[in-house]
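Trainee: One file: target.json (JSON, C-alpha atoms).
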```
[["chain", "number", "residue", "atom", "x", "y", "z"],
["A", 32, "MET", "CA", 0.00, 0.00, 0.00],
["A", 33, "THR", "CA", 1.30, 3.45, -0.90],
["A", 34, "ALA", "CA", 1.64, 5.70, 2.13],
["A", 35, "PRO", "CA", -0.56, 8.81, 2.04],
["A", 36, "ALA", "CA", 0.92, 12.30, 1.70],
["A", 37, "SER", "CA", 2.66, 13.48, 4.84],
["A", 38, "THR", "CA", 0.69, 15.55, 7.34],
["A", 39, "ILE", "CA", 3.79, 16.41, 9.42],
["A", 40, "THR", "CA", 3.88, 20.16, 10.01],
["A", 41, "GLY", "CA", 7.13, 20.47, 11.96],
["A", 42, "VAL", "CA", 8.95, 19.66, 15.20],
["A", 43, "ASN", "CA", 6.56, 20.47, 18.03],
["A", 44, "ARG", "CA", 9.02, 19.93, 20.88],
["A", 45, "ILE", "CA", 12.53, 18.81, 21.76],
["A", 46, "GLY", "CA", 12.66, 16.88, 25.04],
["A", 47, "LEU", "CA", 15.65, 17.10, 27.38],
["A", 48, "ALA", "CA", 16.18, 14.80, 30.37],
["A", 49, "VAL", "CA", 17.78, 16.77, 33.23],
["A", 50, "THR", "CA", 18.79, 16.22, 36.84],
["A", 51, "ASP", "CA", 17.55, 19.51, 38.34],
["A", 52, "LEU", "CA", 14.61, 21.27, 36.70],
["A", 53, "ASP", "CA", 15.09, 24.63, 38.43],
["A", 54, "ARG", "CA", 18.76, 24.74, 37.48],
["A", 55, "SER", "CA", 18.06, 23.78, 33.86],
["A", 56, "LEU", "CA", 15.28, 26.33, 33.49],
["A", 57, "ASP", "CA", 17.59, 29.04, 34.75],
["A", 58, "PHE", "CA", 20.46, 27.83, 32.56],
["A", 59, "PHE", "CA", 18.54, 27.89, 29.28],
["A", 60, "ALA", "CA", 16.19, 30.80, 30.01],
["A", 61, "GLY", "CA", 18.80, 33.16, 31.46],
["A", 62, "PRO", "CA", 20.94, 33.67, 28.32],
["A", 63, "THR", "CA", 18.10, 33.23, 25.78],
["A", 64, "GLY", "CA", 15.31, 35.16, 27.49],
["A", 65, "LEU", "CA", 12.87, 32.31, 26.79],
["A", 66, "GLU", "CA", 10.02, 32.17, 29.29],
["A", 67, "THR", "CA", 8.53, 29.13, 31.02],
["A", 68, "ALA", "CA", 5.24, 28.37, 29.27],
["A", 69, "THR", "CA", 4.08, 25.47, 31.48],
["A", 70, "ARG", "CA", 5.27, 23.53, 34.49],
["A", 71, "ARG", "CA", 3.44, 20.56, 35.95],
["A", 72, "THR", "CA", 3.69, 16.95, 37.07],
["A", 73, "VAL", "CA", 2.26, 14.46, 34.57],
["A", 74, "GLU", "CA", 2.19, 10.80, 33.57],
["A", 75, "PRO", "CA", 3.92, 11.20, 30.17],
["A", 76, "ALA", "CA", 2.80, 9.47, 26.99],
["A", 77, "TRP", "CA", 6.19, 7.75, 26.89],
["A", 78, "ARG", "CA", 6.00, 6.42, 30.48],
["A", 79, "HIS", "CA", 6.11, 2.84, 29.16],
["A", 80, "LEU", "CA", 9.72, 3.51, 28.16],
["A", 81, "MET", "CA", 10.82, 4.55, 31.66],
["A", 82, "SER", "CA", 12.71, 2.13, 33.87],
["A", 83, "THR", "CA", 10.19, 2.89, 36.62],
["A", 84, "PRO", "CA", 6.98, 4.30, 35.08],
["A", 85, "GLY", "CA", 5.40, 7.10, 37.06],
["A", 86, "PRO", "CA", 4.77, 10.84, 37.17],
["A", 87, "VAL", "CA", 7.52, 13.27, 36.21],
["A", 88, "GLU", "CA", 7.84, 17.04, 36.54],
["A", 89, "VAL", "CA", 7.91, 18.73, 33.15],
["A", 90, "ALA", "CA", 8.49, 22.36, 32.20],
["A", 91, "SER", "CA", 8.47, 23.90, 28.74],
["A", 92, "LEU", "CA", 10.36, 26.87, 27.37],
["A", 93, "ARG", "CA", 8.50, 28.34, 24.40],
["A", 94, "GLY", "CA", 10.59, 29.71, 21.60],
["A", 95, "PRO", "CA", 9.23, 31.74, 18.69],
["A", 96, "ASN", "CA", 9.09, 28.62, 16.51],
["A", 97, "ALA", "CA", 9.18, 25.59, 18.84],
["A", 98, "THR", "CA", 9.14, 24.30, 22.41],
["A", 99, "ILE", "CA", 12.00, 22.94, 24.51],
["A", 100, "GLU", "CA", 10.61, 20.55, 27.12],
["A", 101, "LEU", "CA", 12.68, 19.82, 30.21],
["A", 102, "VAL", "CA", 11.93, 16.63, 32.17],
["A", 103, "GLU", "CA", 13.40, 16.14, 35.63],
["A", 104, "PHE", "CA", 14.75, 12.69, 36.53],
["A", 105, "GLY", "CA", 17.06, 13.64, 39.39],
["A", 106, "GLU", "CA", 19.96, 11.26, 39.91],
["A", 107, "LEU", "CA", 18.53, 8.89, 37.28],
["A", 108, "ALA", "CA", 19.51, 11.43, 34.63],
["A", 109, "THR", "CA", 23.23, 11.23, 35.36],
["A", 110, "SER", "CA", 25.09, 9.57, 32.49],
["A", 111, "SER", "CA", 28.08, 10.00, 30.26],
["A", 112, "PRO", "CA", 27.54, 12.85, 27.79],
["A", 113, "ILE", "CA", 27.15, 11.86, 24.14],
["A", 114, "PRO", "CA", 30.46, 12.57, 22.33],
["A", 115, "VAL", "CA", 30.52, 15.23, 19.62],
["A", 116, "GLN", "CA", 30.93, 12.49, 16.98],
["A", 117, "GLY", "CA", 27.96, 10.58, 18.39],
["A", 118, "PRO", "CA", 26.16, 8.37, 17.87],
["A", 119, "GLY", "CA", 22.75, 9.71, 18.87],
["A", 120, "VAL", "CA", 20.89, 12.98, 19.23],
["A", 121, "THR", "CA", 23.93, 15.07, 20.06],
["A", 122, "HIS", "CA", 22.58, 18.59, 20.38],
["A", 123, "LEU", "CA", 20.00, 21.27, 19.74],
["A", 124, "CYS", "CA", 20.88, 24.65, 18.25],
["A", 125, "PHE", "CA", 20.01, 28.25, 19.07],
["A", 126, "GLN", "CA", 20.43, 31.06, 16.56],
["A", 127, "SER", "CA", 20.66, 34.73, 17.42],
["A", 128, "HIS", "CA", 21.92, 38.03, 16.05],
["A", 129, "ALA", "CA", 25.69, 38.32, 16.37],
["A", 130, "THR", "CA", 25.37, 41.51, 18.40],
["A", 131, "SER", "CA", 23.61, 39.66, 21.21],
["A", 132, "GLU", "CA", 26.76, 37.59, 21.92],
["A", 133, "LEU", "CA", 24.60, 34.62, 22.95],
["A", 134, "TYR", "CA", 27.54, 32.21, 23.14],
["A", 135, "LYS", "CA", 29.36, 34.44, 25.61],
["A", 136, "ARG", "CA", 26.16, 34.84, 27.64],
["A", 137, "PHE", "CA", 25.92, 31.05, 27.96],
["A", 138, "ILE", "CA", 29.57, 30.79, 29.02],
["A", 139, "ASP", "CA", 29.07, 33.55, 31.58],
["A", 140, "HIS", "CA", 26.03, 31.60, 32.81],
["A", 141, "GLY", "CA", 28.09, 28.50, 33.53],
["A", 142, "ALA", "CA", 28.25, 26.61, 30.22],
["A", 143, "ARG", "CA", 31.36, 24.52, 29.58],
["A", 144, "GLU", "CA", 33.01, 25.26, 26.26],
["A", 145, "VAL", "CA", 33.45, 22.45, 23.76],
["A", 146, "SER", "CA", 34.63, 24.40, 20.71],
["A", 147, "ARG", "CA", 38.05, 26.01, 20.44],
["A", 148, "ASN", "CA", 38.18, 29.77, 19.98],
["A", 149, "ALA", "CA", 34.39, 30.02, 19.72],
["A", 150, "PRO", "CA", 32.39, 31.48, 18.17],
["A", 151, "VAL", "CA", 34.13, 30.21, 15.02],
["A", 152, "ASP", "CA", 33.75, 31.84, 11.59],
["A", 153, "LEU", "CA", 33.62, 28.85, 9.24],
["A", 154, "GLY", "CA", 33.72, 30.64, 5.92],
["A", 155, "GLY", "CA", 33.21, 34.39, 6.01],
["A", 156, "TYR", "CA", 29.49, 34.20, 5.23],
["A", 157, "GLY", "CA", 28.26, 35.96, 8.35],
["A", 158, "VAL", "CA", 27.66, 33.00, 10.71],
["A", 159, "ARG", "CA", 29.81, 32.05, 13.69],
["A", 160, "TYR", "CA", 29.48, 28.75, 15.51],
["A", 161, "GLY", "CA", 30.16, 27.32, 18.94],
["A", 162, "TYR", "CA", 29.41, 24.13, 20.89],
["A", 163, "ALA", "CA", 29.08, 24.07, 24.68],
["A", 164, "ARG", "CA", 27.57, 21.88, 27.40],
["A", 165, "ASP", "CA", 25.10, 22.62, 30.18],
["A", 166, "PRO", "CA", 25.61, 21.50, 33.82],
["A", 167, "ASP", "CA", 24.27, 18.01, 32.92],
["A", 168, "GLY", "CA", 26.72, 17.66, 30.03],
["A", 169, "ILE", "CA", 24.02, 18.19, 27.40],
["A", 170, "MET", "CA", 25.60, 19.71, 24.31],
["A", 171, "PHE", "CA", 24.04, 22.62, 22.47],
["A", 172, "GLU", "CA", 25.12, 24.85, 19.63],
["A", 173, "VAL", "CA", 24.95, 28.60, 19.20],
["A", 174, "GLU", "CA", 24.96, 30.14, 15.74],
["A", 175, "GLN", "CA", 25.49, 33.91, 15.73],
["A", 176, "LEU", "CA", 24.27, 35.53, 12.52],
["A", 177, "ASP", "CA", 25.24, 38.92, 11.12],
["A", 178, "ARG", "CA", 21.95, 39.06, 9.19],
["A", 179, "PRO", "CA", 19.33, 36.76, 10.73],
["A", 180, "PRO", "CA", 16.37, 35.96, 8.45],
["A", 181, "PHE", "CA", 14.07, 36.15, 11.50],
["A", 182, "ASP", "CA", 13.24, 39.11, 13.74],
["A", 183, "ALA", "CA", 13.09, 37.15, 17.03],
["A", 184, "SER", "CA", 15.90, 37.49, 19.57],
["A", 185, "VAL", "CA", 16.47, 33.71, 19.58],
["A", 186, "TRP", "CA", 15.46, 30.97, 17.13],
["A", 187, "VAL", "CA", 15.41, 27.22, 17.84],
["A", 188, "ALA", "CA", 17.29, 26.30, 14.68],
["A", 189, "HIS", "CA", 17.63, 22.51, 14.64],
["A", 190, "VAL", "CA", 18.00, 19.23, 16.44],
["A", 191, "ALA", "CA", 21.02, 17.17, 15.35],
["A", 192, "LEU", "CA", 21.35, 13.40, 14.91],
["A", 193, "VAL", "CA", 24.77, 11.82, 14.37],
["A", 194, "SER", "CA", 24.80, 8.41, 12.71],
["A", 195, "PRO", "CA", 27.37, 5.85, 11.55],
["A", 196, "ASP", "CA", 25.28, 5.46, 8.37],
["A", 197, "ILE", "CA", 23.89, 8.79, 7.19],
["A", 198, "ASP", "CA", 22.58, 7.34, 3.92],
["A", 199, "ARG", "CA", 20.36, 4.89, 5.78],
["A", 200, "LEU", "CA", 19.10, 7.63, 8.10],
["A", 201, "VAL", "CA", 18.43, 10.03, 5.21],
["A", 202, "ASP", "CA", 16.39, 7.34, 3.46],
["A", 203, "PHE", "CA", 14.43, 6.71, 6.66],
["A", 204, "TYR", "CA", 13.54, 10.36, 7.35],
["A", 205, "THR", "CA", 12.77, 10.97, 3.69],
["A", 206, "ALA", "CA", 10.15, 8.24, 4.00],
["A", 207, "VAL", "CA", 8.84, 9.53, 7.34],
["A", 208, "LEU", "CA", 8.72, 13.21, 6.36],
["A", 209, "GLY", "CA", 7.72, 12.70, 2.75],
["A", 210, "VAL", "CA", 10.40, 15.11, 1.47],
["A", 211, "GLU", "CA", 14.02, 14.92, 0.36],
["A", 212, "PRO", "CA", 16.73, 16.79, 2.29],
["A", 213, "HIS", "CA", 16.88, 20.40, 1.15],
["A", 214, "ARG", "CA", 20.69, 20.20, 1.30],
["A", 215, "ARG", "CA", 23.41, 17.52, 1.43],
["A", 216, "VAL", "CA", 27.20, 17.73, 1.60],
["A", 217, "ASN", "CA", 29.65, 14.84, 1.51],
["A", 218, "LYS", "CA", 32.86, 16.50, 2.61],
["A", 219, "VAL", "CA", 33.05, 19.06, 5.41],
["A", 220, "VAL", "CA", 36.72, 19.49, 6.36],
["A", 221, "GLY", "CA", 39.23, 22.11, 7.44],
["A", 222, "PRO", "CA", 40.75, 23.79, 10.48],
["A", 223, "ARG", "CA", 37.60, 25.79, 11.28],
["A", 224, "ILE", "CA", 35.39, 22.67, 11.60],
["A", 225, "ASP", "CA", 38.15, 21.20, 13.80],
["A", 226, "GLU", "CA", 37.78, 24.24, 16.04],
["A", 227, "VAL", "CA", 33.99, 23.96, 16.22],
["A", 228, "THR", "CA", 34.04, 20.25, 17.09],
["A", 229, "ASN", "CA", 37.25, 20.34, 19.16],
["A", 230, "LEU", "CA", 38.46, 17.32, 17.20],
["A", 231, "ASP", "CA", 41.46, 16.96, 14.88],
["A", 232, "ASP", "CA", 41.39, 16.24, 11.15],
["A", 233, "VAL", "CA", 37.60, 16.13, 11.06],
["A", 234, "ARG", "CA", 35.73, 14.96, 8.01],
["A", 235, "VAL", "CA", 31.94, 15.04, 8.09],
["A", 236, "ARG", "CA", 29.03, 14.19, 5.81],
["A", 237, "ALA", "CA", 25.76, 16.01, 6.48],
["A", 238, "ALA", "CA", 22.15, 16.47, 5.40],
["A", 239, "TRP", "CA", 19.40, 18.87, 6.43],
["A", 240, "PHE", "CA", 15.63, 18.44, 6.30],
["A", 241, "ASN", "CA", 13.38, 21.49, 6.48],
["A", 242, "THR", "CA", 10.45, 20.34, 8.62],
["A", 243, "GLY", "CA", 8.61, 23.66, 8.33],
["A", 244, "ASN", "CA", 9.53, 25.36, 11.60],
["A", 245, "MET", "CA", 13.09, 24.11, 12.15],
["A", 246, "LEU", "CA", 15.68, 21.82, 10.59],
["A", 247, "LEU", "CA", 16.44, 18.19, 11.27],
["A", 248, "GLU", "CA", 20.21, 17.97, 10.92],
["A", 249, "LEU", "CA", 21.95, 14.65, 10.20],
["A", 250, "TRP", "CA", 25.70, 14.09, 10.46],
["A", 251, "GLU", "CA", 28.13, 11.24, 9.95],
["A", 252, "TYR", "CA", 31.68, 11.68, 11.13],
["A", 253, "VAL", "CA", 33.95, 9.92, 8.66],
["A", 254, "HIS", "CA", 36.97, 10.92, 10.79],
["A", 255, "PRO", "CA", 37.00, 10.35, 13.67],
["A", 256, "ALA", "CA", 34.39, 7.76, 12.68],
["A", 257, "THR", "CA", 30.99, 7.78, 14.35],
["A", 258, "PRO", "CA", 30.76, 4.42, 16.13],
["A", 259, "PRO", "CA", 27.68, 2.20, 15.89],
["A", 260, "PRO", "CA", 25.12, 2.59, 18.70],
["A", 261, "SER", "CA", 25.95, 0.34, 21.64],
["A", 262, "GLY", "CA", 22.29, -0.09, 22.60],
["A", 263, "ILE", "CA", 19.10, 1.82, 23.28],
["A", 264, "ARG", "CA", 19.76, 4.93, 25.35],
["A", 265, "ALA", "CA", 17.45, 5.18, 28.37],
["A", 266, "VAL", "CA", 14.85, 7.96, 28.27],
["A", 267, "GLU", "CA", 16.10, 8.99, 31.72],
["A", 268, "ALA", "CA", 19.67, 9.51, 30.48],
["A", 269, "ALA", "CA", 20.64, 13.18, 30.55],
["A", 270, "GLY", "CA", 20.47, 14.68, 27.10],
["A", 271, "VAL", "CA", 18.12, 15.24, 24.19],
["A", 272, "HIS", "CA", 16.08, 12.10, 24.81],
["A", 273, "ARG", "CA", 13.33, 12.62, 22.21],
["A", 274, "PHE", "CA", 11.90, 14.97, 19.60],
["A", 275, "VAL", "CA", 8.28, 15.14, 18.52],
["A", 276, "PHE", "CA", 6.82, 15.85, 15.11],
["A", 277, "GLU", "CA", 3.38, 17.46, 15.03],
["A", 278, "VAL", "CA", 0.97, 15.84, 12.56],
["A", 279, "GLY", "CA", -2.44, 16.64, 11.17],
["A", 280, "ASP", "CA", -3.61, 13.02, 10.90],
["A", 281, "LEU", "CA", -1.99, 10.52, 13.24],
["A", 282, "ASP", "CA", -3.73, 7.50, 11.74],
["A", 283, "ALA", "CA", -2.39, 8.37, 8.28],
["A", 284, "GLU", "CA", 1.10, 8.87, 9.70],
["A", 285, "LEU", "CA", 1.02, 5.41, 11.29],
["A", 286, "GLN", "CA", 0.80, 3.98, 7.79],
["A", 287, "ARG", "CA", 3.81, 6.07, 6.80],
["A", 288, "LEU", "CA", 5.76, 4.89, 9.86],
["A", 289, "ASP", "CA", 5.05, 1.26, 9.08],
["A", 290, "ALA", "CA", 5.98, 1.75, 5.42],
["A", 291, "ALA", "CA", 9.28, 3.35, 6.49],
["A", 292, "GLY", "CA", 10.09, 0.40, 8.73],
["A", 293, "ALA", "CA", 10.01, 2.38, 11.97],
["A", 294, "SER", "CA", 9.96, 0.41, 15.21],
["A", 295, "ARG", "CA", 6.94, 1.57, 17.17],
["A", 296, "THR", "CA", 7.31, 1.42, 20.95],
["A", 297, "GLY", "CA", 3.58, 1.01, 21.56],
["A", 298, "PRO", "CA", 0.11, 2.05, 20.38],
["A", 299, "PRO", "CA", -1.08, 5.68, 20.22],
["A", 300, "VAL", "CA", -2.01, 7.05, 23.65],
["A", 301, "GLY", "CA", -3.46, 10.23, 25.05],
["A", 302, "ASP", "CA", -0.89, 12.76, 26.18],
["A", 303, "PRO", "CA", -2.03, 14.72, 29.26],
["A", 304, "ALA", "CA", 0.83, 17.20, 28.84],
["A", 305, "THR", "CA", -0.57, 18.43, 25.51],
["A", 306, "ASP", "CA", -4.19, 17.16, 25.44],
["A", 307, "GLY", "CA", -3.24, 15.37, 22.23],
["A", 308, "ARG", "CA", -2.74, 11.85, 20.98],
["A", 309, "GLU", "CA", 0.78, 10.58, 20.57],
["A", 310, "VAL", "CA", 2.81, 7.59, 19.42],
["A", 311, "TYR", "CA", 6.52, 6.90, 19.77],
["A", 312, "ALA", "CA", 8.94, 5.02, 17.54],
["A", 313, "ARG", "CA", 12.67, 4.52, 17.04],
["A", 314, "ASP", "CA", 14.64, 5.24, 13.91],
["A", 315, "PRO", "CA", 17.26, 2.77, 12.55],
["A", 316, "ASP", "CA", 19.84, 4.08, 15.04],
["A", 317, "GLY", "CA", 17.47, 3.71, 18.00],
["A", 318, "ASN", "CA", 16.78, 7.44, 18.42],
["A", 319, "LEU", "CA", 13.38, 8.07, 19.99],
["A", 320, "PHE", "CA", 10.89, 10.33, 18.20],
["A", 321, "GLY", "CA", 7.18, 10.93, 18.51],
["A", 322, "LEU", "CA", 4.21, 11.86, 16.36],
["A", 323, "LEU", "CA", 1.70, 14.14, 18.06],
["A", 324, "GLU", "CA", -1.81, 15.01, 16.90],
["A", 325, "LEU", "CA", -3.39, 17.96, 18.70],
["A", 326, "PRO", "CA", -6.99, 19.17, 18.78],
["A", 327, "ALA", "CA", -7.85, 22.08, 16.52],
["A", 328, "GLY", "CA", -6.73, 25.41, 17.97],
["A", 329, "ALA", "CA", -4.56, 23.85, 20.68],
["A", 330, "PRO", "CA", -2.34, 26.51, 22.28],
["A", 331, "THR", "CA", 0.63, 24.12, 22.23],
["A", 332, "SER", "CA", 0.43, 23.62, 18.46],
["A", 333, "ILE", "CA", 3.17, 24.96, 16.24],
["A", 334, "ASP", "CA", 0.35, 26.45, 14.18],
["A", 335, "GLN", "CA", 0.46, 29.20, 16.81],
["A", 336, "LEU", "CA", 4.18, 29.79, 16.24],
["A", 337, "ARG", "CA", 6.53, 31.09, 13.58],
["A", 338, "ARG", "CA", 7.55, 29.19, 10.46],
["A", 339, "ILE", "CA", 10.63, 29.13, 8.22],
["A", 340, "ASP", "CA", 9.72, 31.34, 5.28],
["A", 341, "TRP", "CA", 13.20, 32.00, 3.89],
["A", 342, "MET", "CA", 14.05, 28.57, 2.40]]
```
Show me, as structure tokens, the structure contained in the file I just sent.
Mentor:
Amino acid sequence: MTAPASTITGVNRIGLAVTDLDRSLDFFAGPTGLETATRRTVEPAWRHLMSTPGPVEVASLRGPNATIELVEFGELATSSPIPVQGPGVTHLCFQSHATSELYKRFIDHGAREVSRNAPVDLGGYGVRYGYARDPDGIMFEVEQLDRPPFDASVWVAHVALVSPDIDRLVDFYTAVLGVEPHRRVNKVVGPRIDEVTNLDDVRVRAAWFNTGNMLLELWEYVHPATPPPSGIRAVEAAGVHRFVFEVGDLDAELQRLDAAGASRTGPPVGDPATDGREVYARDPDGNLFGLLELPAGAPTSIDQLRRIDWM
């Protein structure tokens, strides 16, 4: 059976597992100015994936184009940070105007630098890059733009997946999203990318999908090589533990998931955090993602937020 046309409208939320919710809210909101949209204790739609299912405290930071959802697991969230070269969901990215010096604001707020000499000018095209880690070791990227295409102070630019087999992952997300990558490169090299990644003699392959409100960024490190996943990463492990696509028709998207060969973790369930209906699955590398259908006019829908209109 041919899968129906995609009803995915973008990335509704990026979920981060943290040890201390108050500390994480201050860490990400302080430099960015993002405000807490909601904070409550819920039984999450993905509770069946927890080592000990039960209620968790969840808070969301609403950006102009997407939501960052912080989930507190306390000591359960302690784990080794995902290396820059992966594998896994290695980071999320914030963009801002260069004059705001967002990278420096994060460092002044307690972030640990990953990049060398950041922010790094990769090619003289008006964008400077830097990686850093929060107190839980969660990596994030800041891109400082001389001429941002948006008028917000901060933009949630992308979530990044690093894979040992980018071709397989591109094929998978092409099937899930119903679109080809809007850009692919097979050889990213040079001293500036070494500075950004804090690795030597880097060679990277990459692809970017435009989901509508942000990018899904895929990387494969050819050198140093991205290793294969060693197993399924626990949802409680500190880091970007899931990302959620918003859909217009969940039942239709289930057909697309099955056609793409996704591994569903369970049936669709009601999500009390969003008043929607949600299902979770894993991609070929084991990364956890969700599909969320919301009622018409839901305040948590990305329909209420900004879209990419410059690509």
Trainee: Hey, which of A:Pro118, A:Leu176, A:Arg70, A:His213 ends up closest to A:Ser261? Count all atoms listed in the file.
Mentor: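 Closest candidate: A:Pro118.
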Trainee: Identify which of the residues A:Gly307, A:Gly161, A:Gly117, A:Pro86 lies closest to A:Leu322, counting all atoms listed in the file when measuring atom-to-atom distances.
Mentor: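 Of all the options, A:Gly307 lies closest to A:Leu322.
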Trainee: Using only C-alpha atoms, which of the listed residues (A:Arg71, A:Asp152, A:Gly141, A:Ala76) sits closest to A:Arg54?
Mentor: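 Counting only C-alpha atoms, the residue closest to A:Arg54 is A:Gly141.
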Trainee: Between A:His128, A:Arg287, A:Arg234, A:Arg264, single out the one closest to A:Leu208, counting all atoms listed in the file.
Mentor: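 When distances to A:Leu208 are compared using all atoms listed in the file, the smallest one comes from A:Arg287.
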Trainee: Which of these, A:Ile197, A:Val300, A:Ile138, A:Met342, has the shortest distance to A:Leu281 once you count all atoms listed in the file?
Mentor: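 Closest to A:Leu281, using all atoms listed in the file: A:Val300.
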Trainee: Excluding stretch 223-233 of chain A and residues on its chain fewer than 6 positions from it, collect all residues at most 10 Å away from it, counting only C-alpha atoms, and give them as a PyMOL selection string.
Mentor: chain A and resi 114-116+144-154+159-163+172+252-256
Trainee: Draw an axis-aligned box tight on the listed atoms of stretch 306-314 of chain A, then pad every side by 6 Å and write out centre and edge lengths in Å to one decimal as JSON.
Mentor:
```
{"center_x": 5.2, "center_y": 10.8, "center_z": 19.7, "size_x": 30.8, "size_y": 24.6, "size_z": 23.5}
```
